Structures are given as C-alpha cells and as structure tokens.
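S.K.: This is protein39.pdb, which holds PDB, C-alpha atoms and all ligand atoms:
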```pdb
ATOM      1  CA  MET U  20      18.644 -39.719 -31.495  1.00  0.00           C
ATOM      2  CA  GLY U  21      20.314 -42.341 -29.350  1.00  0.00           C
ATOM      3  CA  SER U  22      19.181 -45.524 -31.047  1.00  0.00           C
ATOM      4  CA  ARG U  23      20.331 -45.175 -34.623  1.00  0.00           C
ATOM      5  CA  PRO U  24      21.068 -48.477 -36.354  1.00  0.00           C
ATOM      6  CA  PRO U  25      24.723 -49.368 -35.852  1.00  0.00           C
ATOM      7  CA  ASP U  26      27.190 -48.363 -38.514  1.00  0.00           C
ATOM      8  CA  PRO U  27      27.917 -51.460 -40.621  1.00  0.00           C
ATOM      9  CA  ALA U  28      31.608 -50.892 -39.933  1.00  0.00           C
ATOM     10  CA  LEU U  29      30.867 -51.398 -36.260  1.00  0.00           C
ATOM     11  CA  LEU U  30      28.976 -54.638 -36.701  1.00  0.00           C
ATOM     12  CA  ALA U  31      32.197 -56.497 -36.027  1.00  0.00           C
ATOM     13  CA  THR U  32      31.421 -55.654 -32.416  1.00  0.00           C
ATOM     14  CA  TRP U  33      28.870 -58.503 -32.535  1.00  0.00           C
ATOM     15  CA  LEU U  34      31.559 -60.909 -31.560  1.00  0.00           C
ATOM     16  CA  VAL U  35      33.486 -58.622 -29.254  1.00  0.00           C
ATOM     17  CA  VAL U  36      33.211 -59.062 -25.514  1.00  0.00           C
ATOM     18  CA  PRO U  37      34.972 -56.009 -24.097  1.00  0.00           C
ATOM     19  CA  VAL U  38      37.269 -56.290 -21.115  1.00  0.00           C
ATOM     20  CA  PRO U  39      36.788 -53.983 -18.113  1.00  0.00           C
ATOM     21  CA  THR U  40      39.791 -52.118 -16.769  1.00  0.00           C
ATOM     22  CA  PRO U  41      41.710 -53.688 -13.860  1.00  0.00           C
ATOM     23  CA  LEU U  42      40.579 -50.844 -11.547  1.00  0.00           C
ATOM     24  CA  ALA U  43      36.902 -51.571 -12.209  1.00  0.00           C
ATOM     25  CA  LEU U  44      37.466 -55.297 -11.610  1.00  0.00           C
ATOM     26  CA  GLN U  45      39.274 -54.601  -8.332  1.00  0.00           C
ATOM     27  CA  ARG U  46      36.075 -53.065  -6.975  1.00  0.00           C
ATOM     28  CA  LEU U  47      33.946 -56.166  -7.576  1.00  0.00           C
ATOM     29  CA  PRO U  48      34.278 -57.627  -4.070  1.00  0.00           C
ATOM     30  CA  GLN U  49      32.902 -54.434  -2.479  1.00  0.00           C
ATOM     31  CA  ARG U  50      30.251 -53.642  -5.068  1.00  0.00           C
ATOM     32  CA  GLY U  51      28.938 -56.994  -6.220  1.00  0.00           C
ATOM     33  CA  ASP U  52      25.309 -56.073  -5.437  1.00  0.00           C
ATOM     34  CA  GLU U  53      25.546 -53.134  -7.816  1.00  0.00           C
ATOM     35  CA  VAL U  54      26.872 -55.380 -10.576  1.00  0.00           C
ATOM     36  CA  ASP U  55      24.040 -57.853  -9.921  1.00  0.00           C
ATOM     37  CA  ASP U  56      21.471 -55.048 -10.314  1.00  0.00           C
ATOM     38  CA  LEU U  57      23.056 -53.853 -13.553  1.00  0.00           C
ATOM     39  CA  MET U  58      23.229 -57.436 -14.860  1.00  0.00           C
ATOM     40  CA  SER U  59      19.567 -57.927 -14.073  1.00  0.00           C
ATOM     41  CA  LEU U  60      18.651 -54.717 -15.911  1.00  0.00           C
ATOM     42  CA  LEU U  61      20.730 -55.643 -18.956  1.00  0.00           C
ATOM     43  CA  MET U  62      19.606 -59.272 -19.163  1.00  0.00           C
ATOM     44  CA  ASP U  63      15.956 -58.252 -18.820  1.00  0.00           C
ATOM     45  CA  HIS U  64      16.484 -56.374 -22.088  1.00  0.00           C
ATOM     46  CA  ALA U  65      18.854 -58.781 -23.851  1.00  0.00           C
ATOM     47  CA  GLU U  66      18.027 -60.273 -27.208  1.00  0.00           C
ATOM     48  CA  PRO U  67      18.377 -64.070 -27.496  1.00  0.00           C
ATOM     49  CA  ASP U  68      21.847 -65.155 -28.587  1.00  0.00           C
ATOM     50  CA  PRO U  69      21.831 -65.269 -32.395  1.00  0.00           C
ATOM     51  CA  PRO U  70      22.451 -68.702 -33.934  1.00  0.00           C
ATOM     52  CA  GLN U  71      25.732 -67.653 -35.520  1.00  0.00           C
ATOM     53  CA  CYS U  72      27.142 -66.398 -32.202  1.00  0.00           C
ATOM     54  CA  PRO U  73      28.408 -68.331 -29.213  1.00  0.00           C
ATOM     55  CA  THR U  74      25.927 -69.241 -26.491  1.00  0.00           C
ATOM     56  CA  GLY U  75      26.180 -66.828 -23.614  1.00  0.00           C
ATOM     57  CA  LEU U  76      27.476 -63.961 -25.740  1.00  0.00           C
ATOM     58  CA  ARG U  77      24.821 -61.522 -24.504  1.00  0.00           C
ATOM     59  CA  ARG U  78      25.440 -62.498 -20.889  1.00  0.00           C
ATOM     60  CA  ALA U  79      29.191 -62.047 -21.304  1.00  0.00           C
ATOM     61  CA  VAL U  80      28.702 -58.579 -22.807  1.00  0.00           C
ATOM     62  CA  ALA U  81      26.241 -57.664 -20.037  1.00  0.00           C
ATOM     63  CA  GLU U  82      28.689 -58.817 -17.395  1.00  0.00           C
ATOM     64  CA  ALA U  83      31.500 -56.766 -18.900  1.00  0.00           C
ATOM     65  CA  ILE U  84      29.300 -53.644 -19.059  1.00  0.00           C
ATOM     66  CA  ALA U  85      28.082 -54.132 -15.487  1.00  0.00           C
ATOM     67  CA  GLN U  86      31.598 -54.652 -14.143  1.00  0.00           C
ATOM     68  CA  ALA U  87      33.093 -51.753 -16.104  1.00  0.00           C
ATOM     69  CA  SER U  88      30.415 -49.478 -14.638  1.00  0.00           C
ATOM     70  CA  LEU U  89      32.421 -49.586 -11.402  1.00  0.00           C
ATOM     71  CA  GLY U  90      35.192 -47.600 -13.080  1.00  0.00           C
ATOM     72  CA  ASP U  91      35.741 -43.859 -12.808  1.00  0.00           C
ATOM     73  CA  ASN U  92      35.766 -42.950 -16.502  1.00  0.00           C
ATOM     74  CA  HIS U  93      33.272 -42.959 -19.318  1.00  0.00           C
ATOM     75  CA  LEU U  94      31.854 -46.447 -19.696  1.00  0.00           C
ATOM     76  CA  TRP U  95      33.405 -46.952 -23.129  1.00  0.00           C
ATOM     77  CA  GLN U  96      36.785 -46.068 -21.635  1.00  0.00           C
ATOM     78  CA  ASP U  97      36.391 -48.490 -18.726  1.00  0.00           C
ATOM     79  CA  LEU U  98      35.477 -51.171 -21.281  1.00  0.00           C
ATOM     80  CA  GLN U  99      38.706 -50.360 -23.135  1.00  0.00           C
ATOM     81  CA  LEU U 100      36.780 -49.669 -26.351  1.00  0.00           C
ATOM     82  CA  PRO U 101      38.161 -47.245 -28.960  1.00  0.00           C
ATOM     83  CA  SER U 102      35.251 -44.792 -28.681  1.00  0.00           C
ATOM     84  CA  ARG U 103      31.670 -44.305 -27.549  1.00  0.00           C
ATOM     85  CA  ALA U 104      30.465 -45.435 -30.985  1.00  0.00           C
ATOM     86  CA  GLU U 105      31.497 -49.041 -30.321  1.00  0.00           C
ATOM     87  CA  LEU U 106      29.675 -49.024 -26.985  1.00  0.00           C
ATOM     88  CA  SER U 107      26.530 -47.616 -28.612  1.00  0.00           C
ATOM     89  CA  ALA U 108      26.760 -50.370 -31.235  1.00  0.00           C
ATOM     90  CA  LEU U 109      27.018 -52.992 -28.491  1.00  0.00           C
ATOM     91  CA  PHE U 110      23.894 -51.640 -26.784  1.00  0.00           C
ATOM     92  CA  GLU U 111      21.977 -51.453 -30.045  1.00  0.00           C
ATOM     93  CA  THR U 112      23.043 -54.960 -31.045  1.00  0.00           C
ATOM     94  CA  HIS U 113      22.625 -56.838 -27.784  1.00  0.00           C
ATOM     95  CA  PHE U 114      20.158 -54.749 -25.772  1.00  0.00           C
ATOM     96  CA  PRO U 115      18.111 -52.866 -28.382  1.00  0.00           C
ATOM     97  CA  ARG U 116      15.024 -52.412 -26.199  1.00  0.00           C
ATOM     98  CA  LEU U 117      17.178 -50.696 -23.594  1.00  0.00           C
ATOM     99  CA  ALA U 118      19.052 -48.654 -26.197  1.00  0.00           C
ATOM    100  CA  ALA U 119      15.730 -47.483 -27.625  1.00  0.00           C
ATOM    101  CA  ARG U 120      14.896 -45.924 -24.259  1.00  0.00           C
ATOM    102  CA  ASN U 121      17.978 -43.693 -24.407  1.00  0.00           C
ATOM    103  CA  THR U 122      16.096 -41.298 -26.636  1.00  0.00           C
ATOM    104  CA  GLN U 123      18.099 -38.240 -25.589  1.00  0.00           C
ATOM    105  CA  ASN U 124      21.523 -39.838 -26.134  1.00  0.00           C
ATOM    106  CA  MET U 125      22.325 -39.764 -22.439  1.00  0.00           C
ATOM    107  CA  LYS U 126      25.779 -40.888 -21.372  1.00  0.00           C
ATOM    108  CA  TRP U 127      25.521 -44.654 -21.115  1.00  0.00           C
ATOM    109  CA  LYS U 128      26.598 -45.078 -17.495  1.00  0.00           C
ATOM    110  CA  LYS U 129      24.330 -42.273 -16.328  1.00  0.00           C
ATOM    111  CA  PHE U 130      21.532 -43.841 -18.355  1.00  0.00           C
ATOM    112  CA  LEU U 131      22.012 -47.288 -16.761  1.00  0.00           C
ATOM    113  CA  TYR U 132      22.020 -45.949 -13.215  1.00  0.00           C
ATOM    114  CA  LYS U 133      19.002 -43.781 -13.920  1.00  0.00           C
ATOM    115  CA  GLN U 134      17.155 -46.927 -15.064  1.00  0.00           C
ATOM    116  CA  LEU U 135      18.065 -48.639 -11.784  1.00  0.00           C
ATOM    117  CA  CYS U 136      16.784 -45.680  -9.776  1.00  0.00           C
ATOM    118  CA  GLU U 137      13.538 -45.609 -11.723  1.00  0.00           C
ATOM    119  CA  ARG U 138      13.094 -49.355 -11.177  1.00  0.00           C
ATOM    120  CA  GLU U 139      13.398 -48.828  -7.440  1.00  0.00           C
ATOM    121  CA  GLU U 140      11.290 -45.677  -7.648  1.00  0.00           C
ATOM    122  CA  ILE U 141      14.160 -43.657  -6.215  1.00  0.00           C
ATOM    123  CA  PHE U 142      14.212 -40.215  -7.730  1.00  0.00           C
ATOM    124  CA  VAL U 143      17.441 -38.444  -6.875  1.00  0.00           C
ATOM    125  CA  CYS U 144      17.592 -36.020  -9.778  1.00  0.00           C
ATOM    126  CA  LYS U 145      17.658 -32.384  -8.773  1.00  0.00           C
ATOM    127  CA  SER U 146      15.142 -31.382 -11.371  1.00  0.00           C
ATOM    128  CA  PRO U 147      11.913 -32.896 -12.712  1.00  0.00           C
ATOM    129  CA  SER U 148      13.156 -32.251 -16.227  1.00  0.00           C
ATOM    130  CA  CYS U 149      16.595 -32.833 -17.720  1.00  0.00           C
ATOM    131  CA  ALA U 150      16.152 -29.776 -19.925  1.00  0.00           C
ATOM    132  CA  VAL U 151      16.265 -27.415 -16.949  1.00  0.00           C
ATOM    133  CA  CYS U 152      18.631 -29.385 -14.719  1.00  0.00           C
ATOM    134  CA  SER U 153      21.898 -27.850 -13.536  1.00  0.00           C
ATOM    135  CA  ASP U 154      23.555 -31.289 -13.873  1.00  0.00           C
ATOM    136  CA  TYR U 155      22.656 -31.582 -17.540  1.00  0.00           C
ATOM    137  CA  ALA U 156      26.268 -31.530 -18.711  1.00  0.00           C
ATOM    138  CA  GLN U 157      27.133 -34.446 -16.436  1.00  0.00           C
ATOM    139  CA  CYS U 158      24.403 -36.653 -17.898  1.00  0.00           C
ATOM    140  CA  PHE U 159      24.528 -35.596 -21.552  1.00  0.00           C
ATOM    141  CA  GLY U 160      26.999 -34.135 -23.971  1.00  0.00           C
ATOM    142  CA  PRO U 161      30.276 -35.233 -25.508  1.00  0.00           C
ATOM    143  CA  GLU U 162      32.099 -38.232 -24.108  1.00  0.00           C
ATOM    144  CA  ASN U 163      35.216 -37.970 -26.170  1.00  0.00           C
ATOM    145  CA  THR U 164      37.665 -37.125 -23.433  1.00  0.00           C
TER     146      THR U 164
HETATM  147  S1  LIG T   1      20.137 -34.103 -16.316  1.00  0.00           S
HETATM  148 FE1  LIG T   1      19.437 -33.818 -14.190  1.00  0.00          FE
HETATM  149  S2  LIG T   1      17.294 -34.533 -14.224  1.00  0.00           S
HETATM  150 FE2  LIG T   1      18.297 -35.382 -16.067  1.00  0.00          FE
HETATM  151  S3  LIG T   1      19.065 -37.398 -15.459  1.00  0.00           S
HETATM  152 FE3  LIG T   1      20.748 -35.941 -15.148  1.00  0.00          FE
HETATM  153  S4  LIG T   1      20.570 -35.343 -12.964  1.00  0.00           S
HETATM  154 FE4  LIG T   1      18.610 -36.291 -13.564  1.00  0.00          FE
END
```
Once more with this new file: its structure as structure tokens, please.

M.R.:
Amino acid sequence: MGSRPPDPALLATWLVVPVPTPLALQRLPQRGDEVDDLMSLLMDHAEPDPPQCPTGLRRAVAEAIAQASLGDNHLWQDLQLPSRAELSALFETHFPRLAARNTQNMKWKKFLYKQLCEREEIFVCKSPSCAVCSDYAQCFGPENT
C-alpha cells in the first residue's frame, strides 16, 4: 500500500502547486529551520522537472508541502487540497522515491517528520514497532476529517 500509481483523474495535479493556509505561512519566521529541513528531504527525493512542465515545478511543490507542514491540520488540509488522494498523487508524481518508502500508508506529515528524525538518528517513538505502538492511530488511519 502507500505508493499505488496515481489515479489518472488525479494526474491534473501535475501542474498544481498547492497553496498553504495563511496560519501555516504565519509561522514561517519562527520555524524557518524546520521548513529548510523538510525542503532538503523533499528535494533530495525529487524527480527532475519534466520537459512539459515549468522549470522549478518540483521545488515549488516541495516548498508548499514544507510550509504547509507548519499547520495544525492534516497536511492535505493545510495545503487546501480537496482530499488526501490529491496529496498522495503529488508525492507519487514529484517525489516517487520518498512516496515508495511510505509502505504502510502513514499519514503524510507524520511520515515526513519521521524521515527527518531518522536522518538525524533521533528516535523518539515510544515503541520499536508501529504495530504495537500506543500512538498508532495518530500516525496511521483515516485522514478524512
Ligand atoms: S506508530 Fe508509534 S512507533 Fe510508529 S511512527 Fe508512530 S509513534 Fe513511531
């Protein structure tokens, strides 16, 4: 699970650069380092811009995702997307090597921050295994509300 090919109906997202919510953007001055770390993670896994798309498309999408991660809601909500499906399509289209690592269909924001922690070799999870973790519902499960 987690890295299914995007639904053809969602491929229109190729050209969409989502816009973070105003609340997430307000937090940029205080949390710029966090955005830089997320940008670095995303761009390390970005595909080259396809010839038919504008130069810098991947970077613009990465920046929007990194900035929206400062919001309080599900990442797709703080990107003002209609549902999680569009966000999954964006990951699979622009950052497929990263999307492929989300094998358990973890919530995208949780997944990104877990990647940052693993990069820094910081292990803050309560349990060695997600399957037996008391925080499982916070990291996985429906993101529809
Ligand atoms: S479910 Fe528990 S162990 Fe797995 S990522 Fe979340 S906090 Fe960490």

S.K.: Measure the distance from CA of Leu60 in chain U to CA of Leu131 in chain U in Å and round it to one decimal.

M.R.: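 Interatomic distance, CA of Leu60 in chain U to CA of Leu131 in chain U: 8.2 Å.
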
S.K.: State, in Å with one decimal place, the distance from CA of Met58 in chain U to CA of Glu82 in chain U.

M.R.: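 If I compute the distance from CA of Met58 in chain U to CA of Glu82 in chain U, I get 6.2 Å.
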
S.K.: Selection in question (the file shown): the PyMOL selection byres (((chain U and resi 134-140) around 10) and not hetatm). Which residues does it include, as a CSV table (one decimal) with C-alpha atoms, in the frame of the given file?

M.R.:
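That gives us out.csv:
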```csv
chain,number,residue,atom,x,y,z
U,53,GLU,CA,25.5,-53.1,-7.8
U,56,ASP,CA,21.5,-55.0,-10.3
U,57,LEU,CA,23.1,-53.9,-13.6
U,59,SER,CA,19.6,-57.9,-14.1
U,60,LEU,CA,18.7,-54.7,-15.9
U,117,LEU,CA,17.2,-50.7,-23.6
U,120,ARG,CA,14.9,-45.9,-24.3
U,121,ASN,CA,18.0,-43.7,-24.4
U,128,LYS,CA,26.6,-45.1,-17.5
U,129,LYS,CA,24.3,-42.3,-16.3
U,130,PHE,CA,21.5,-43.8,-18.4
U,131,LEU,CA,22.0,-47.3,-16.8
U,132,TYR,CA,22.0,-45.9,-13.2
U,133,LYS,CA,19.0,-43.8,-13.9
U,141,ILE,CA,14.2,-43.7,-6.2
U,142,PHE,CA,14.2,-40.2,-7.7
U,143,VAL,CA,17.4,-38.4,-6.9
U,144,CYS,CA,17.6,-36.0,-9.8
```

S.K.: Which residues fall under the PyMOL selection byres (((not hetatm)) within 6 of (chain T and resi 1)) in this file, as a ChimeraX atom specification?

M.R.: /U:144-149,152,154-155,158

S.K.: Taking the file above as input, evaluate the PyMOL selection byres (((chain U and resi 62) around 12) and not hetatm) and report the hits as a VMD selection string.

M.R.: chain U and resid 54 to 61 63 to 68 75 to 82 84 to 85 110 113 to 117
